[in-house]
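One structure is given below, encoded as structure tokens.
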Amino acid sequence: MVPMSEKPAPKPGRLLASIKQPSDLKDLTSADLEVLAGEIREYLVQSVSRTGGHLGPNLGVVELTLAIHRVFDSPRDTIIFDTGHQAYVHKLLTGRTDFSKLRQEGGLSGYPSRTESPHDVVENSHASTALSWAEGVLREYQRTGREDHVVAVIGDGALTGGLAWEAINNIGDHADGNLVIIVNDNGRSYAPTIGGLAHHLDALRVSEGYEKALAWGKKKLLSHGRPGEVAFDALHGVKEGMRDAISAGVMFADLGIKYIGPFDGHDEVAVEFALTRAKAAKQPILVHVITNKGRGYVPAEEDVADRFHAVGKIHPETGLPIAPSRFGWTAVFADEIVKIARQNPKIVAITAAMMAPVGLLPMQEEFPDRVIDVGIAEQHAVTSAAGMAFAGAHPVFAVYSTFLNRAFDQVLMDVALHKAGVTFVLDRAGITGDDGASHNGMWDIAMLSIVPGLHLNAPRDEETLRLALREAVAIEDAPTVIRYPKGALPQPIPATSRHPWADVLREADQPDVAILATGAFVKNGLEVAQMLADEGVSVSVLDPRWLLPVNPDLVENIAEAKLVVTLEDGLQEGGFGSAVREALAQAGRYTPVMARGVPKQFLSHAKRNQIIEDVHLDAKHSASEILQELNKLS
């Protein structure tokens, strides 16, 4: 078999190759559109299988995206995609058909990107934001007399986020606004959508079955005489109330938004007709479209976990991964939290619609009543955790580092202020690379460093991750945080000696340089130390593990060095290095501190190692710049 890297890059089909801009779709026949949809799916499978990316969501919105671009006139009409997971088809229809370097340096972003096209608007890829964006755009269009349309495409999973409903609360103010909300309802975020909204949408999908079930109940109850009649009367009253409650037309009309649907999202003609009606409505209108994630690709359709929501490189024929999963850190957490839960009945776990990606699926399978999926609602997750802690549990909220940003106020005011014993496990911390600026988990150390009483740990390998988790859940009067990166685990990095204030990884008497290497940068720190030693510099390397608060004993053990260097997979400004500098000053020790971390800028998508080199955090650049600093101090 020819390795995929040696195969020629896939080429778009005849019709797809002819689409350079959305207006090129206008003259296509229904038969042409059906052929084009097939070409798009084939191209997506062949292309994304080579690079990895969000395959399932895009396979599900092919006909929907075709209809959007045939009815509306982008970029004059503003089209906003929530999260952007489903924007690959949009890219293809707006002239971006070179997917050979998707999510790679110099290639297309995995999300909408303003630098790529005027057709792209929101590129932050954090869920539940599209309706707020759309409301803001519409408000200014109305204020300035602009009559173009605003189109917001949001999934049923993203509608579980509170921000979406805050926007809906205001959208009703725009009685004559040209706003079309398209709910792409596939019953899923990553996994199946949960919560009351999901049940509401379920009711709309299966209303015929619902009526049959009630008819069956009527027949059975009325056959049991007077008691059955009483029960039926009660049920009938409940039914009438439920009919009003689940009627989307009533619910959204009360909010000032017209509802139409649901429509088959894979019937392009039906969707196009619905959107044409919506465009003519001259008021906020919600179009409910039902789609199937992974549509048209059997391996995705048969994947129960997430319908190939996001994949690495795969064999396009089978959908099997070309390389084994590299989520080593997550796998260790998944194993250890189950062991801890077996021993400690107070442990409960929380996820925000990412059960499998953050490693909670094994615990959910063993302890289904102790793992809670709140939907895409990180703020609610954190405050709910505070409530659980008050009631006697020890909640563990596993979440991508970048998504905890959304719940900072809740960490500060609901957890920390109330001295709640809640553990936050931050997956994908630090530089993540391929997914671009919004997914780098580089903000958490600096952000959390100002939270009173918070303890933050950055394990360096499997052993220290397992140890950190057990230490964290033993703290009952303050929030604890454990952060680790995306990717494979490093080889074990043993300590020469272990102290409450740090693990000593390289010892030196009266060192010229004391390196405080943290988390994923411990291996880097040891490489830097060896390079400095080769230049005649005496170096010690310490891993504090618990970065926050800075341990006073650590301060005393580094204060005599000529230079303290901190290495962290987070922001350079306001991060661990800044905390060490402040701790030294408060102790009356003014040892120079060279903080080395990620610069305060948004990072373009590229491989992690490439970004590390670009921002001079690799061992070679670090050693060189440390030597320069030492020379200044001489």
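For the structure tokens, the naming scheme is as follows: chains receive sequential letters (A, B, ...) according to their order of presentation, residues are indexed from 1 within each chain, and ligands are indexed from 1 in presentation order.
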Mind checking DSSP for segment 312-530 of chain A and telling me the helix (DSSP H, G or I) residues as a ChimeraX atom specification? /A:328-343,361-366,368-370,378-390,401-416,437-439,444-448,462-473,519-530
Select, from A:Ser634, A:Gln142, A:Gln343, A:Thr94, the residue with the minimum atom-to-atom distance to Gln283 of chain A, counting only C-alpha atoms. A:Gln142
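Close contacts of segment 456-467 of chain A, defined as residues with an atom at most 6 Å away when counting only C-alpha atoms, with chain neighbours fewer than 2 positions off set aside, comprise Leu469, Arg470, Thr480, Val481, Ile482, Arg483, Pro492, Gly519, Ala520, Arg545, Trp546, Leu547 and Leu548 of chain A.
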Please dump the current selection as a compact mmCIF listing (two decimals), in the first residue's frame; keep N, CA, C and O atoms.
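Now in selection.txt:
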# COMPACT_ATOMS: atom_id res chain seq x y z
N LEU A 469 -3.32 14.40 41.10
CA LEU A 469 -4.76 14.23 41.19
C LEU A 469 -5.17 13.81 42.60
O LEU A 469 -6.15 14.32 43.16
N ARG A 470 -4.40 12.91 43.20
CA ARG A 470 -4.71 12.48 44.56
C ARG A 470 -4.47 13.60 45.57
O ARG A 470 -5.26 13.77 46.52
N THR A 480 -8.51 23.60 43.45
CA THR A 480 -7.25 23.04 42.97
C THR A 480 -7.32 22.86 41.47
O THR A 480 -8.39 22.56 40.91
N VAL A 481 -6.18 23.05 40.82
CA VAL A 481 -6.12 22.98 39.36
C VAL A 481 -4.96 22.09 38.95
O VAL A 481 -3.85 22.22 39.48
N ILE A 482 -5.20 21.19 38.01
CA ILE A 482 -4.15 20.38 37.41
C ILE A 482 -4.19 20.63 35.91
O ILE A 482 -5.26 20.52 35.29
N ARG A 483 -3.06 20.97 35.34
CA ARG A 483 -3.02 21.28 33.90
C ARG A 483 -2.01 20.37 33.20
O ARG A 483 -0.93 20.10 33.73
N PRO A 492 9.24 8.69 31.65
CA PRO A 492 9.32 9.12 33.05
C PRO A 492 10.57 9.98 33.30
O PRO A 492 11.65 9.70 32.76
N GLY A 519 5.84 21.43 34.21
CA GLY A 519 4.97 20.67 33.34
C GLY A 519 5.63 20.15 32.08
O GLY A 519 6.65 19.46 32.11
N ALA A 520 5.06 20.48 30.95
CA ALA A 520 5.53 19.99 29.66
C ALA A 520 6.92 20.52 29.30
O ALA A 520 7.54 20.00 28.38
N ARG A 545 6.18 21.54 40.63
CA ARG A 545 4.89 20.83 40.50
C ARG A 545 3.72 21.70 40.93
O ARG A 545 2.85 22.01 40.15
N TRP A 546 3.65 22.10 42.21
CA TRP A 546 2.62 23.05 42.64
C TRP A 546 3.13 24.45 42.40
O TRP A 546 3.91 24.99 43.16
N LEU A 547 2.68 25.04 41.29
CA LEU A 547 3.19 26.35 40.88
C LEU A 547 2.58 27.47 41.72
O LEU A 547 3.26 28.47 42.01
N LEU A 548 1.32 27.33 42.04
CA LEU A 548 0.61 28.36 42.81
C LEU A 548 -0.02 27.71 44.04
O LEU A 548 -0.61 26.63 43.94
List as an MDAnalysis selection string the protein and nucleic acid residues near Arg428 of chain A, meaning an atom at most 12 Å away when only C-alpha atoms are counted, but skip any in the same chain fewer than 2 places from it. chainID A and resid 326:330 357:359 398:404 425:426 430:435 438:444 482:488 520 569:570 608
Next, write the just-selected residues to a file, as a tab-separated table (two decimals), in the first residue's frame, keeping C-alpha atoms as the atom set.
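Generated file (part_27.tsv):
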chain	number	residue	atom	x	y	z
A	326	ARG	CA	-1.82	10.40	21.12
A	327	PHE	CA	-4.04	11.51	24.00
A	328	GLY	CA	-1.71	9.91	26.53
A	329	TRP	CA	-2.19	12.47	29.29
A	330	THR	CA	-5.97	12.18	29.03
A	357	PRO	CA	-12.45	13.95	24.83
A	358	VAL	CA	-11.60	14.87	28.44
A	359	GLY	CA	-11.38	11.26	29.60
A	398	ALA	CA	-12.50	18.14	33.46
A	399	VAL	CA	-12.38	20.73	30.69
A	400	TYR	CA	-10.08	22.02	27.96
A	401	SER	CA	-7.92	24.80	29.36
A	402	THR	CA	-9.12	27.34	26.79
A	403	PHE	CA	-12.77	26.76	27.78
A	404	LEU	CA	-12.21	27.47	31.47
A	425	VAL	CA	-8.48	19.29	35.43
A	426	LEU	CA	-7.33	21.31	32.44
A	430	GLY	CA	-0.36	25.32	26.88
A	431	ILE	CA	0.46	25.48	23.18
A	432	THR	CA	-1.83	23.13	21.24
A	433	GLY	CA	-0.98	24.24	17.70
A	434	ASP	CA	-3.21	22.91	14.93
A	435	ASP	CA	-6.52	24.39	16.07
A	438	SER	CA	-8.56	30.28	20.26
A	439	HIS	CA	-7.66	26.73	21.26
A	440	ASN	CA	-4.22	27.30	22.74
A	441	GLY	CA	-4.54	26.75	26.49
A	442	MET	CA	-1.98	29.43	27.29
A	443	TRP	CA	-4.04	31.72	29.54
A	444	ASP	CA	-4.84	29.63	32.60
A	482	ILE	CA	-4.15	20.38	37.41
A	483	ARG	CA	-3.02	21.28	33.90
A	484	TYR	CA	-1.43	19.09	31.24
A	485	PRO	CA	-0.81	19.36	27.50
A	486	LYS	CA	-2.27	17.75	24.43
A	487	GLY	CA	-0.40	14.77	23.06
A	488	ALA	CA	1.67	11.82	24.12
A	520	ALA	CA	5.53	19.99	29.66
A	569	ASP	CA	3.81	26.48	28.88
A	570	GLY	CA	1.71	29.58	29.44
A	608	ARG	CA	3.38	22.68	18.55
Can you tell me, as a count of residues only, what residues are no more than 12 Å from segment 551-560 of chain A when counting only C-alpha atoms, ignoring any on the same chain fewer than 4 positions away? 46
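Comparing the minimum interatomic distances between Gly296 of chain A and each of A:Leu360, A:Ile337, A:Leu567, A:Leu55, counting only C-alpha atoms, we find that A:Leu55 sits nearest.
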What lies within 12 Å of His90 of chain A using only C-alpha atoms, ignoring chain neighbours under 4 positions off, as a count of residues only? 39
Skipping near chain neighbours, those fewer than 2 positions away, what residues fall within 8 Å of Gln410 of chain A using only C-alpha atoms, listed as a PyMOL selection string? chain A and resi 379+382-383+407-408+412-415
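We find atom CA of Ala420 of chain A and atom CA of Val451 of chain A to be spaced 12.7 Å apart.
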For a test of reading the model, state the distance in Å between atom CA of Ala429 of chain A and atom CA of Asp156 of chain A, rounded to one decimal. 27.1 Å
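Picture a line from atom CA of Gly436 of chain A to atom CA of Leu102 of chain A; it runs 11.4 Å.
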